[in-house]
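Asks: What follows is target25.txt; its format and atoms are compact mmCIF, C-alpha atoms.
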```
# COMPACT_ATOMS: atom_id res chain seq x y z
CA MET A 1 154.91 -22.71 95.72
CA SER A 2 155.87 -20.39 98.54
CA GLN A 3 157.19 -21.86 101.74
CA THR A 4 157.08 -18.55 103.64
CA VAL A 5 156.44 -19.07 107.33
CA ILE A 6 157.23 -15.47 108.25
CA ASP A 7 155.08 -12.45 107.47
CA LEU A 8 157.20 -10.48 105.02
CA ALA A 9 154.90 -7.44 104.91
CA PRO A 10 156.61 -5.50 107.75
CA TYR A 11 159.93 -6.03 105.95
CA THR A 12 158.77 -5.03 102.48
CA ARG A 13 156.79 -2.10 103.93
CA THR A 14 160.00 -0.43 105.16
CA LEU A 15 160.70 1.02 101.70
CA ASP A 16 157.32 2.77 101.58
CA GLN A 17 157.82 4.01 105.13
CA LEU A 18 161.16 5.55 104.18
CA LYS A 19 159.73 7.13 101.04
CA GLU A 20 156.85 8.60 103.05
CA ALA A 21 159.26 9.91 105.69
CA ILE A 22 161.22 11.97 103.16
CA GLU A 23 158.32 13.03 100.96
CA GLY A 24 158.39 16.76 100.26
CA LEU A 25 161.94 17.31 101.50
CA THR A 26 164.24 19.26 99.22
CA GLU A 27 167.71 18.01 98.32
CA GLU A 28 169.11 20.68 100.65
CA GLN A 29 166.93 19.49 103.52
CA LEU A 30 167.87 15.87 102.88
CA LYS A 31 171.57 16.75 103.17
CA ARG A 32 171.38 19.17 106.11
CA LYS A 33 172.89 17.94 109.39
CA GLU A 34 171.30 18.97 112.66
CA ALA A 35 174.76 19.33 114.23
CA PRO A 36 178.40 18.54 113.47
CA GLY A 37 179.02 14.82 113.76
CA LYS A 38 175.34 13.99 113.23
CA TRP A 39 173.91 12.32 110.15
CA SER A 40 171.72 13.98 107.56
CA VAL A 41 168.60 12.22 106.26
CA THR A 42 170.58 11.17 103.18
CA GLU A 43 173.25 9.65 105.42
CA VAL A 44 170.61 7.79 107.46
CA LEU A 45 169.22 6.33 104.24
CA SER A 46 172.71 5.39 103.10
CA HIS A 47 173.34 3.66 106.42
CA LEU A 48 170.13 1.68 106.00
CA ALA A 49 171.19 0.60 102.50
CA ASP A 50 174.60 -0.41 103.91
CA HIS A 51 172.88 -2.31 106.70
CA SER A 52 170.71 -4.07 104.14
CA ILE A 53 173.83 -5.17 102.23
CA VAL A 54 175.35 -6.58 105.43
CA PHE A 55 172.03 -8.20 106.42
CA SER A 56 171.79 -9.82 102.97
CA PHE A 57 175.27 -11.28 103.39
CA ARG A 58 174.49 -12.53 106.91
CA VAL A 59 171.27 -14.21 105.76
CA ARG A 60 173.08 -16.14 103.08
CA LYS A 61 175.85 -17.22 105.47
CA VAL A 62 173.34 -18.42 108.06
CA ILE A 63 171.32 -20.53 105.64
CA SER A 64 174.38 -21.93 103.84
CA GLU A 65 177.08 -22.54 106.42
CA SER A 66 177.55 -24.08 109.83
CA GLU A 67 179.19 -22.35 112.81
CA VAL A 68 178.53 -18.92 111.35
CA GLN A 69 180.26 -15.82 112.71
CA LEU A 70 178.12 -12.87 111.66
CA ALA A 71 180.00 -10.04 109.99
CA ALA A 72 180.13 -6.70 111.77
CA PHE A 73 180.68 -3.30 110.24
CA GLN A 74 181.61 0.16 111.43
CA GLN A 75 178.62 2.30 110.47
CA ASP A 76 180.14 5.76 110.91
CA PRO A 77 183.21 5.15 108.70
CA TRP A 78 181.00 3.43 106.10
CA VAL A 79 178.84 6.56 105.91
CA SER A 80 181.67 9.09 106.01
CA GLN A 81 184.18 7.30 103.78
CA SER A 82 181.57 6.57 101.11
CA ARG A 83 180.73 10.30 101.09
CA ALA A 84 177.13 9.29 101.56
CA ASN A 85 175.90 12.87 101.84
CA GLU A 86 177.00 13.46 98.26
CA GLY A 87 174.61 10.75 97.11
CA SER A 88 171.01 11.02 96.05
CA ALA A 89 168.27 9.89 98.42
CA SER A 90 166.33 8.56 95.45
CA ASP A 91 169.27 6.45 94.23
CA ILE A 92 169.89 5.14 97.74
CA LEU A 93 166.24 4.13 98.11
CA ASP A 94 166.42 2.36 94.75
CA VAL A 95 169.27 0.23 96.11
CA PHE A 96 167.43 -0.37 99.39
CA GLY A 97 164.31 -1.42 97.45
CA ALA A 98 166.25 -3.74 95.14
CA LEU A 99 167.77 -5.51 98.14
CA LEU A 100 164.33 -5.82 99.78
CA THR A 101 162.97 -7.41 96.63
CA TYR A 102 165.91 -9.75 96.17
CA ASN A 103 165.87 -10.85 99.81
CA SER A 104 162.09 -11.27 99.80
CA LEU A 105 162.36 -13.66 96.86
CA LEU A 106 164.81 -15.73 98.91
CA PHE A 107 162.71 -15.49 102.09
CA LYS A 108 159.71 -16.94 100.24
CA ARG A 109 161.73 -20.08 99.52
CA LEU A 110 162.90 -20.66 103.10
CA SER A 111 161.49 -23.37 105.33
CA ALA A 112 160.60 -23.06 109.01
CA GLU A 113 163.87 -24.83 109.77
CA ASP A 114 165.83 -22.25 107.77
CA TRP A 115 164.35 -19.41 109.84
CA GLN A 116 165.70 -21.09 112.99
CA LYS A 117 169.25 -21.42 111.72
CA SER A 118 171.64 -19.18 113.61
CA GLY A 119 174.94 -17.41 113.77
CA VAL A 120 177.01 -15.70 116.43
CA ASN A 121 177.08 -11.92 116.44
CA VAL A 122 180.00 -9.68 117.40
CA LYS A 123 178.77 -9.62 121.02
CA GLY A 124 178.99 -13.42 121.18
CA ASP A 125 175.22 -13.91 121.20
CA THR A 126 173.62 -16.64 119.13
CA VAL A 127 170.89 -15.15 116.94
CA THR A 128 168.46 -16.91 114.63
CA LEU A 129 167.66 -15.78 111.13
CA GLU A 130 164.14 -15.02 112.32
CA SER A 131 165.38 -12.79 115.14
CA SER A 132 167.80 -11.06 112.75
CA PHE A 133 164.93 -10.45 110.32
CA ARG A 134 162.82 -8.89 113.07
CA ALA A 135 165.81 -6.85 114.29
CA PHE A 136 166.33 -5.48 110.77
CA ILE A 137 162.73 -4.25 110.69
CA GLN A 138 163.12 -2.68 114.13
CA HIS A 139 166.39 -1.07 113.06
CA VAL A 140 164.60 0.67 110.20
CA GLN A 141 161.87 1.83 112.63
CA THR A 142 164.52 3.32 114.90
CA HIS A 143 166.00 5.26 112.00
CA LEU A 144 162.55 6.41 110.88
CA GLY A 145 162.35 8.03 114.32
CA GLN A 146 165.75 9.60 113.71
CA ILE A 147 164.55 10.99 110.37
CA GLU A 148 161.52 12.52 112.11
CA ARG A 149 163.80 14.18 114.69
CA ILE A 150 165.98 15.59 111.91
CA LYS A 151 162.91 16.89 110.07
CA ARG A 152 161.66 18.66 113.20
CA GLY A 153 164.96 20.52 113.37
CA LEU A 154 164.83 21.75 109.76
```
Any chance you could give the structure as structure tokens?
Replies:
Amino acid sequence: MSQTVIDLAPYTRTLDQLKEAIEGLTEEQLKRKEAPGKWSVTEVLSHLADHSIVFSFRVRKVISESEVQLAAFQQDPWVSQSRANEGSASDILDVFGALLTYNSLLFKRLSAEDWQKSGVNVKGDTVTLESSFRAFIQHVQTHLGQIERIKRGL
């Protein structure tokens, strides 16, 4: 029986939102950068998959350990050093979707108390699992806006 106390729909919906955002774009358009030093759509998607990996790790630390220091990561080097723009948007979204599914299965098993467990972020702020979950969804929304800006410039 599910213990979910949080509405997971906004979280699981992010994959469909990303797929809709890139629908109809060619591989060339997905990889085009609006300016030097800016990310392409493919790189934005790669960043979101990276962020999902880090979020997955943070979730498991928060629910399993005490006095949790939340891992940080350097997004620009992760994107550039992984040569993200050489990847396929479709493959990246497959990874993003698999992580959403895997995390959602875990989220359905969490209690109300689990959602209130917390860790300390790199800024020194204490954040709950629930607030991190909501921040992840908002982070995707921010990057959906970035994808729309990139598309307007194509």
Asks: List the neighbours of stretch 23-26 of chain A out to 10 Å using only C-alpha atoms; skip same-chain residues closer than 5 positions along the sequence, and give me the result as a list of chain:residue names.
Replies: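 Surrounding residues, per the criterion: A:Gln17, A:Leu18, A:Lys31, A:Arg32, A:Val41, A:Lys151, A:Leu154.
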Asks: Please write the residues from the selection above to a file, keeping C-alpha atoms, as a short mmCIF file (atom, residue, chain, number, x, y, z; two decimals), keeping the file's coordinate frame.
Replies:
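Generated file (again-v4.cif):
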```cif
data_model
loop_
_atom_site.label_atom_id
_atom_site.label_comp_id
_atom_site.auth_asym_id
_atom_site.auth_seq_id
_atom_site.Cartn_x
_atom_site.Cartn_y
_atom_site.Cartn_z
CA GLN A 17 157.82 4.01 105.13
CA LEU A 18 161.16 5.55 104.18
CA LYS A 31 171.57 16.75 103.17
CA ARG A 32 171.38 19.17 106.11
CA VAL A 41 168.60 12.22 106.26
CA LYS A 151 162.91 16.89 110.07
CA LEU A 154 164.83 21.75 109.76
#
```
Asks: With 4 Å on each side, where is the centre of the axis-aligned box around all listed atoms of stretch 63-71 of chain A, and how long are its edges in Å to one decimal, as lines of an AutoDock Vina configuration file?
Replies:
```
center_x = 175.8
center_y = -17.1
center_z = 108.3
size_x = 16.9
size_y = 22.0
size_z = 17.0
```
Asks: Identify, on the basis of all atoms listed in the file, every residue whose closest approach to stretch 50-63 of chain A does not exceed 10 Å; exclude the query and any residue fewer than 4 positions from it along the same chain; express the result as an NGL selection string.
Replies: :A and (44-46 or 67-73 or 75 or 78-79 or 92 or 95-97 or 99-100 or 102-103 or 106-107 or 110 or 113-121 or 127-130 or 132-133 or 136 or 139-140)
Asks: For atom CA of A:Arg134 and atom CA of A:Glu43, quote the distance in Å rounded to one decimal.
Replies: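 These atoms are spaced 22.6 Å apart.
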Asks: Could you jot down the atom CA of A:Pro10 to atom CA of A:Ile137 separation for me, Å, one decimal place?
Replies: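 Going from atom CA of A:Pro10 over to atom CA of A:Ile137 covers 6.9 Å.
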Asks: Counting only C-alpha atoms, which of A:Thr42, A:Gln74, A:Ser111, A:Thr101 gets nearest to A:Ala89?
Replies: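 Residue with the minimum atom-to-atom distance to A:Ala89: A:Thr42.
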Asks: For the atom pair atom CA of A:Ser40 and atom CA of A:Asn85, what is the interatomic distance in Å to one decimal place?
Replies: 7.2 Å
Asks: So, counting all atoms listed in the file, which residue among A:Lys33, A:Arg83, A:Lys108, A:Lys123 is closest to A:Arg149?
Replies: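 Of all the options, A:Lys33 lies closest to A:Arg149.
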Asks: Point out the residue among A:Ala135, A:Val122, A:Leu93, A:Arg152 with the least atom-to-atom distance to A:Asp16, counting all atoms listed in the file.
Replies: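 Result for the nearest residue to A:Asp16: A:Leu93.
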Asks: Nearest to A:Gln138 among A:Ile22, A:Ser80, A:Thr14, A:Asp125, with distances taken over all atoms listed in the file: which residue is it?
Replies: A:Thr14
